[in-house]
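Here is the structure we will look at.
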Amino acid sequence: MQHRIVVLGAGYTGAITAGRLAKRLRREDVAITLVNAEPDFVERVRMHQLATGQHLRPRPLGEMFAGTGVDVRIAKVTGVDADRRTVSVTGADGDGELAYDTLVYALGSGWNPQGVPGTAEHAYEIASRPGALRLRERLARLRAGQTVVVVGGGLTGLEAAAEIAEARPDLGVAIAASDGLGDWLSPRGREHLRKVFARLGVTVHEHVTVASVEADRVVTADGTAIPADVTVWATGFAVHPIAKATTLEVGDTGQIVVDGTLRSVSHPDVYAVGDAALAMGPGNKPLRMSCASGTPSAWQAADAIAARLTGGKLPHVPIRYFNQCVSLGRRDGLIQVVTADDRAVRAALTGRFAAFYKELVCKGAAWGVANPTLGLPARRRPITHKQAASPAVREPA
């Protein structure tokens, strides 16, 4: 009987994990199922580009995984029973359950309204493809002189503000940050960021807390109203809520608590990768939600699963950071070099070379997902250890 591996979510981390497992394990020994709500792989790091009208190449999951041995199921995950080892799904083929022997939870995260009044009703998000397309349609209808306010001074907010300002110089673009603009960057990085925003005409509101969002403005905690025909909410991410509703051990954020191999500390047949995992990095600090930690977590989890099933050596490669890559429009960028635990150092790349570097990073990540079984490792090993099978359940047709 084949060992059933179910991977939930086909973002960067889920797709990479499924592809790497297909390279590691023999097809006759395992049945790998990749479940995703949308039929295409979404380059989430480019949603600010999609929102400003740029064309992104479609990447159908069925084509990407054709011939790899990975079975792609287009369905929405509605629940996980970690004790029965089943996943509830709904899709075009109807409702059903998928049984697993090993589960990889990679459902990721979405935007986080943070309970701020008016955000859900009036703000736009770019954490998802539907959200970016909704913002794209709205931006296209704005007239010259109208205003856009990006709330959030993190990487997503910086990229969104710069992209919109470059694409639509006829608009009044502003950014509202709860701290100083780019205050986690090196002095060189902060200086370049301010220079670019000044060149693009982005108005900067620092050390402000947005207390509410209205149809035509955002209101700060001190009562100041900032005009906003469009508000873009980019204050961070919230993980998918399904894990918190299970018996899996999760942290306060709803992320699944895992060990150094990305294995659940409460359910050894479950692994969590990317934004869904509460994993500790250098300095005993939780890894932040990002591609920088998500991709290596996918490698680590896939190699650990393969090692445990084949009797191989478990990976013990600490996940660390090297840099933070920020696109500032299509012709400028910032590459901030950081320590292993994500603290900025003096070194930083700026300008066109930084933009080129960031583009290479994005293209490389997409290529790795789109070519799941190319490159190393390629040796497939037989399974020597199998867990007890889950109870028989009804699967969708």
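Letters A, B, ... go to the chains of the structure tokens in the order shown; residues in each chain start at 1; ligands are counted from 1 in the same order.
The shell of residues at most 6 Å from range 333-346 of chain A, with only C-alpha atoms counted and near chain neighbours (fewer than 4 positions) removed, consists of Leu185, Ser186, Pro282, Arg320, Tyr321, Phe322, Asn323, Gln324, Cys325, Val326, Ser327, Leu328, Thr350, Gly351, Ala354 and Ala355 of chain A.
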Next, dump the selected residues to file, keeping only N, CA and C atoms, as an mmCIF file, in the first residue's frame.
```cif
data_model
loop_
_atom_site.group_PDB
_atom_site.id
_atom_site.type_symbol
_atom_site.label_atom_id
_atom_site.label_comp_id
_atom_site.auth_asym_id
_atom_site.auth_seq_id
_atom_site.Cartn_x
_atom_site.Cartn_y
_atom_site.Cartn_z
ATOM 1 N N LEU A 185 16.015 49.390 8.893
ATOM 2 C CA LEU A 185 17.077 49.333 7.903
ATOM 3 C C LEU A 185 18.355 49.986 8.415
ATOM 4 N N SER A 186 19.430 49.792 7.682
ATOM 5 C CA SER A 186 20.682 50.486 7.987
ATOM 6 C C SER A 186 20.544 51.959 7.613
ATOM 7 N N PRO A 282 17.516 31.599 14.296
ATOM 8 C CA PRO A 282 18.684 32.037 15.074
ATOM 9 C C PRO A 282 18.285 32.995 16.192
ATOM 10 N N ARG A 320 18.244 30.487 8.356
ATOM 11 C CA ARG A 320 18.755 31.805 8.710
ATOM 12 C C ARG A 320 18.463 32.805 7.592
ATOM 13 N N TYR A 321 18.692 34.066 7.879
ATOM 14 C CA TYR A 321 18.463 35.126 6.911
ATOM 15 C C TYR A 321 19.783 35.642 6.352
ATOM 16 N N PHE A 322 19.707 36.197 5.147
ATOM 17 C CA PHE A 322 20.873 36.790 4.510
ATOM 18 C C PHE A 322 20.618 38.246 4.096
ATOM 19 N N ASN A 323 19.438 38.513 3.561
ATOM 20 C CA ASN A 323 19.130 39.881 3.160
ATOM 21 C C ASN A 323 17.619 40.072 3.081
ATOM 22 N N GLN A 324 17.226 41.317 2.988
ATOM 23 C CA GLN A 324 15.837 41.675 2.733
ATOM 24 C C GLN A 324 15.792 42.386 1.384
ATOM 25 N N CYS A 325 14.966 41.879 0.476
ATOM 26 C CA CYS A 325 14.896 42.418 -0.884
ATOM 27 C C CYS A 325 13.628 43.246 -1.045
ATOM 28 N N VAL A 326 13.790 44.500 -1.424
ATOM 29 C CA VAL A 326 12.645 45.407 -1.564
ATOM 30 C C VAL A 326 12.656 46.010 -2.963
ATOM 31 N N SER A 327 11.597 45.803 -3.721
ATOM 32 C CA SER A 327 11.471 46.488 -5.001
ATOM 33 C C SER A 327 10.844 47.846 -4.753
ATOM 34 N N LEU A 328 11.376 48.862 -5.396
ATOM 35 C CA LEU A 328 10.856 50.223 -5.264
ATOM 36 C C LEU A 328 10.471 50.718 -6.656
ATOM 37 N N THR A 350 21.668 49.357 -3.602
ATOM 38 C CA THR A 350 20.570 50.254 -3.950
ATOM 39 C C THR A 350 20.520 50.490 -5.458
ATOM 40 N N GLY A 351 19.427 51.083 -5.904
ATOM 41 C CA GLY A 351 19.308 51.516 -7.286
ATOM 42 C C GLY A 351 18.958 50.420 -8.260
ATOM 43 N N ALA A 354 20.079 46.814 -7.511
ATOM 44 C CA ALA A 354 19.229 46.182 -6.503
ATOM 45 C C ALA A 354 17.909 45.720 -7.113
ATOM 46 N N ALA A 355 17.359 46.520 -8.031
ATOM 47 C CA ALA A 355 16.118 46.128 -8.708
ATOM 48 C C ALA A 355 16.344 44.874 -9.543
#
```
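Residues with any atom within 7 Å of Asp269 in chain A, counting only C-alpha atoms and excluding same-chain neighbours fewer than 6 positions away, are Asp101, Thr102 and Leu103 of chain A.
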Can you check which parts of range 51-129 of chain A lie within 10 Å of range 10-14 of chain A? Per residue, the shortest pair of atoms and distance in Å to one decimal, counting only C-alpha atoms, sorted by chain and number, as CSV.
```
residue,atom,partner,partner_atom,distance
A:Leu61,CA,A:Ala10,CA,8.2
A:Val72,CA,A:Ala10,CA,9.2
A:Ile74,CA,A:Ala10,CA,9.9
A:Val104,CA,A:Gly14,CA,7.6
A:Tyr105,CA,A:Gly14,CA,7.7
A:Ala106,CA,A:Gly14,CA,5.2
A:Leu107,CA,A:Gly14,CA,7.8
A:Gly108,CA,A:Gly11,CA,7.7
```
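Distance-wise, CA of Ala292 in chain A and CA of Arg59 in chain A end up 21.5 Å apart.
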**Asked** Leaving out Pro296 in chain A and any residue of its chain fewer than 6 positions from it, which residues lie within 12 Å of it when counting only C-alpha atoms, given as a PyMOL selection string?
**Response** chain A and resi 12-14+16-17+20+260-262+273-275+279+281+287+290+302-303+315-321+365
Quick one: write out the picked residues with N, CA and C atoms as a PDB file, in the first residue's frame?
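part24.pdb was written with the following content:
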```pdb
ATOM      1  N   TYR A  12       4.261  29.079  -2.669  1.00  0.00           N
ATOM      2  CA  TYR A  12       5.678  28.748  -2.800  1.00  0.00           C
ATOM      3  C   TYR A  12       6.039  27.519  -1.963  1.00  0.00           C
ATOM      4  N   THR A  13       5.675  27.527  -0.684  1.00  0.00           N
ATOM      5  CA  THR A  13       6.149  26.469   0.210  1.00  0.00           C
ATOM      6  C   THR A  13       5.483  25.127  -0.064  1.00  0.00           C
ATOM      7  N   GLY A  14       4.170  25.122  -0.294  1.00  0.00           N
ATOM      8  CA  GLY A  14       3.486  23.866  -0.556  1.00  0.00           C
ATOM      9  C   GLY A  14       3.934  23.241  -1.861  1.00  0.00           C
ATOM     10  N   ILE A  16       6.771  23.748  -3.486  1.00  0.00           N
ATOM     11  CA  ILE A  16       8.167  23.309  -3.376  1.00  0.00           C
ATOM     12  C   ILE A  16       8.255  21.999  -2.598  1.00  0.00           C
ATOM     13  N   THR A  17       7.503  21.887  -1.508  1.00  0.00           N
ATOM     14  CA  THR A  17       7.530  20.663  -0.717  1.00  0.00           C
ATOM     15  C   THR A  17       7.065  19.469  -1.534  1.00  0.00           C
ATOM     16  N   ARG A  20       9.718  18.564  -4.185  1.00  0.00           N
ATOM     17  CA  ARG A  20      10.933  17.985  -3.595  1.00  0.00           C
ATOM     18  C   ARG A  20      10.684  16.554  -3.115  1.00  0.00           C
ATOM     19  N   GLY A 260      12.615  21.497  14.910  1.00  0.00           N
ATOM     20  CA  GLY A 260      13.609  21.930  13.930  1.00  0.00           C
ATOM     21  C   GLY A 260      13.477  21.298  12.568  1.00  0.00           C
ATOM     22  N   THR A 261      12.685  20.224  12.464  1.00  0.00           N
ATOM     23  CA  THR A 261      12.442  19.606  11.157  1.00  0.00           C
ATOM     24  C   THR A 261      11.088  19.982  10.585  1.00  0.00           C
ATOM     25  N   LEU A 262      10.443  20.968  11.177  1.00  0.00           N
ATOM     26  CA  LEU A 262       9.123  21.474  10.774  1.00  0.00           C
ATOM     27  C   LEU A 262       8.005  20.471  11.063  1.00  0.00           C
ATOM     28  N   VAL A 273       4.790  24.297   7.059  1.00  0.00           N
ATOM     29  CA  VAL A 273       5.846  25.046   6.381  1.00  0.00           C
ATOM     30  C   VAL A 273       5.366  26.462   6.082  1.00  0.00           C
ATOM     31  N   GLY A 274       6.336  27.354   5.877  1.00  0.00           N
ATOM     32  CA  GLY A 274       6.017  28.721   5.520  1.00  0.00           C
ATOM     33  C   GLY A 274       5.333  29.489   6.630  1.00  0.00           C
ATOM     34  N   ASP A 275       4.407  30.358   6.244  1.00  0.00           N
ATOM     35  CA  ASP A 275       3.723  31.221   7.208  1.00  0.00           C
ATOM     36  C   ASP A 275       2.926  30.439   8.230  1.00  0.00           C
ATOM     37  N   ALA A 279       8.075  28.374  13.829  1.00  0.00           N
ATOM     38  CA  ALA A 279       9.403  27.759  13.889  1.00  0.00           C
ATOM     39  C   ALA A 279      10.395  28.756  14.449  1.00  0.00           C
ATOM     40  N   GLY A 281      14.103  30.404  14.789  1.00  0.00           N
ATOM     41  CA  GLY A 281      15.306  30.624  14.008  1.00  0.00           C
ATOM     42  C   GLY A 281      16.471  31.024  14.887  1.00  0.00           C
ATOM     43  N   LEU A 287      10.671  32.645  13.240  1.00  0.00           N
ATOM     44  CA  LEU A 287      10.898  33.071  11.868  1.00  0.00           C
ATOM     45  C   LEU A 287       9.726  33.929  11.414  1.00  0.00           C
ATOM     46  N   SER A 290       7.583  35.126   5.554  1.00  0.00           N
ATOM     47  CA  SER A 290       8.282  35.647   4.384  1.00  0.00           C
ATOM     48  C   SER A 290       8.740  34.504   3.502  1.00  0.00           C
ATOM     49  N   ALA A 302      10.492  18.692   3.541  1.00  0.00           N
ATOM     50  CA  ALA A 302      10.505  17.617   2.546  1.00  0.00           C
ATOM     51  C   ALA A 302      11.639  16.638   2.812  1.00  0.00           C
ATOM     52  N   ASP A 303      12.806  17.152   3.129  1.00  0.00           N
ATOM     53  CA  ASP A 303      13.951  16.278   3.384  1.00  0.00           C
ATOM     54  C   ASP A 303      13.757  15.471   4.669  1.00  0.00           C
ATOM     55  N   PRO A 315      17.794  16.039   8.288  1.00  0.00           N
ATOM     56  CA  PRO A 315      18.501  17.303   8.027  1.00  0.00           C
ATOM     57  C   PRO A 315      18.578  18.152   9.293  1.00  0.00           C
ATOM     58  N   HIS A 316      19.689  18.789   9.486  1.00  0.00           N
ATOM     59  CA  HIS A 316      19.847  19.706  10.613  1.00  0.00           C
ATOM     60  C   HIS A 316      20.539  20.972  10.100  1.00  0.00           C
ATOM     61  N   VAL A 317      19.840  21.650   9.205  1.00  0.00           N
ATOM     62  CA  VAL A 317      20.371  22.879   8.614  1.00  0.00           C
ATOM     63  C   VAL A 317      19.593  24.054   9.177  1.00  0.00           C
ATOM     64  N   PRO A 318      20.192  24.863  10.046  1.00  0.00           N
ATOM     65  CA  PRO A 318      19.453  25.984  10.631  1.00  0.00           C
ATOM     66  C   PRO A 318      18.947  26.940   9.542  1.00  0.00           C
ATOM     67  N   ILE A 319      17.706  27.374   9.677  1.00  0.00           N
ATOM     68  CA  ILE A 319      17.149  28.366   8.754  1.00  0.00           C
ATOM     69  C   ILE A 319      17.591  29.744   9.225  1.00  0.00           C
ATOM     70  N   ARG A 320      18.244  30.487   8.356  1.00  0.00           N
ATOM     71  CA  ARG A 320      18.755  31.805   8.710  1.00  0.00           C
ATOM     72  C   ARG A 320      18.463  32.805   7.592  1.00  0.00           C
ATOM     73  N   TYR A 321      18.692  34.066   7.879  1.00  0.00           N
ATOM     74  CA  TYR A 321      18.463  35.126   6.911  1.00  0.00           C
ATOM     75  C   TYR A 321      19.783  35.642   6.352  1.00  0.00           C
ATOM     76  N   ALA A 365      12.666  32.052  -7.746  1.00  0.00           N
ATOM     77  CA  ALA A 365      11.661  31.385  -6.910  1.00  0.00           C
ATOM     78  C   ALA A 365      10.552  30.799  -7.764  1.00  0.00           C
TER      79      ALA A 365
END
```
**Message:** I'd like the neighbourhood of range 264-267 of chain A as a ChimeraX atom specification, where a residue qualifies if any of its atoms comes within 9 Å (using only C-alpha atoms), though same-chain residues fewer than 2 positions away should be ignored.
**Reply:** /A:82-83,247-249,256-259,261-262,269-272,277
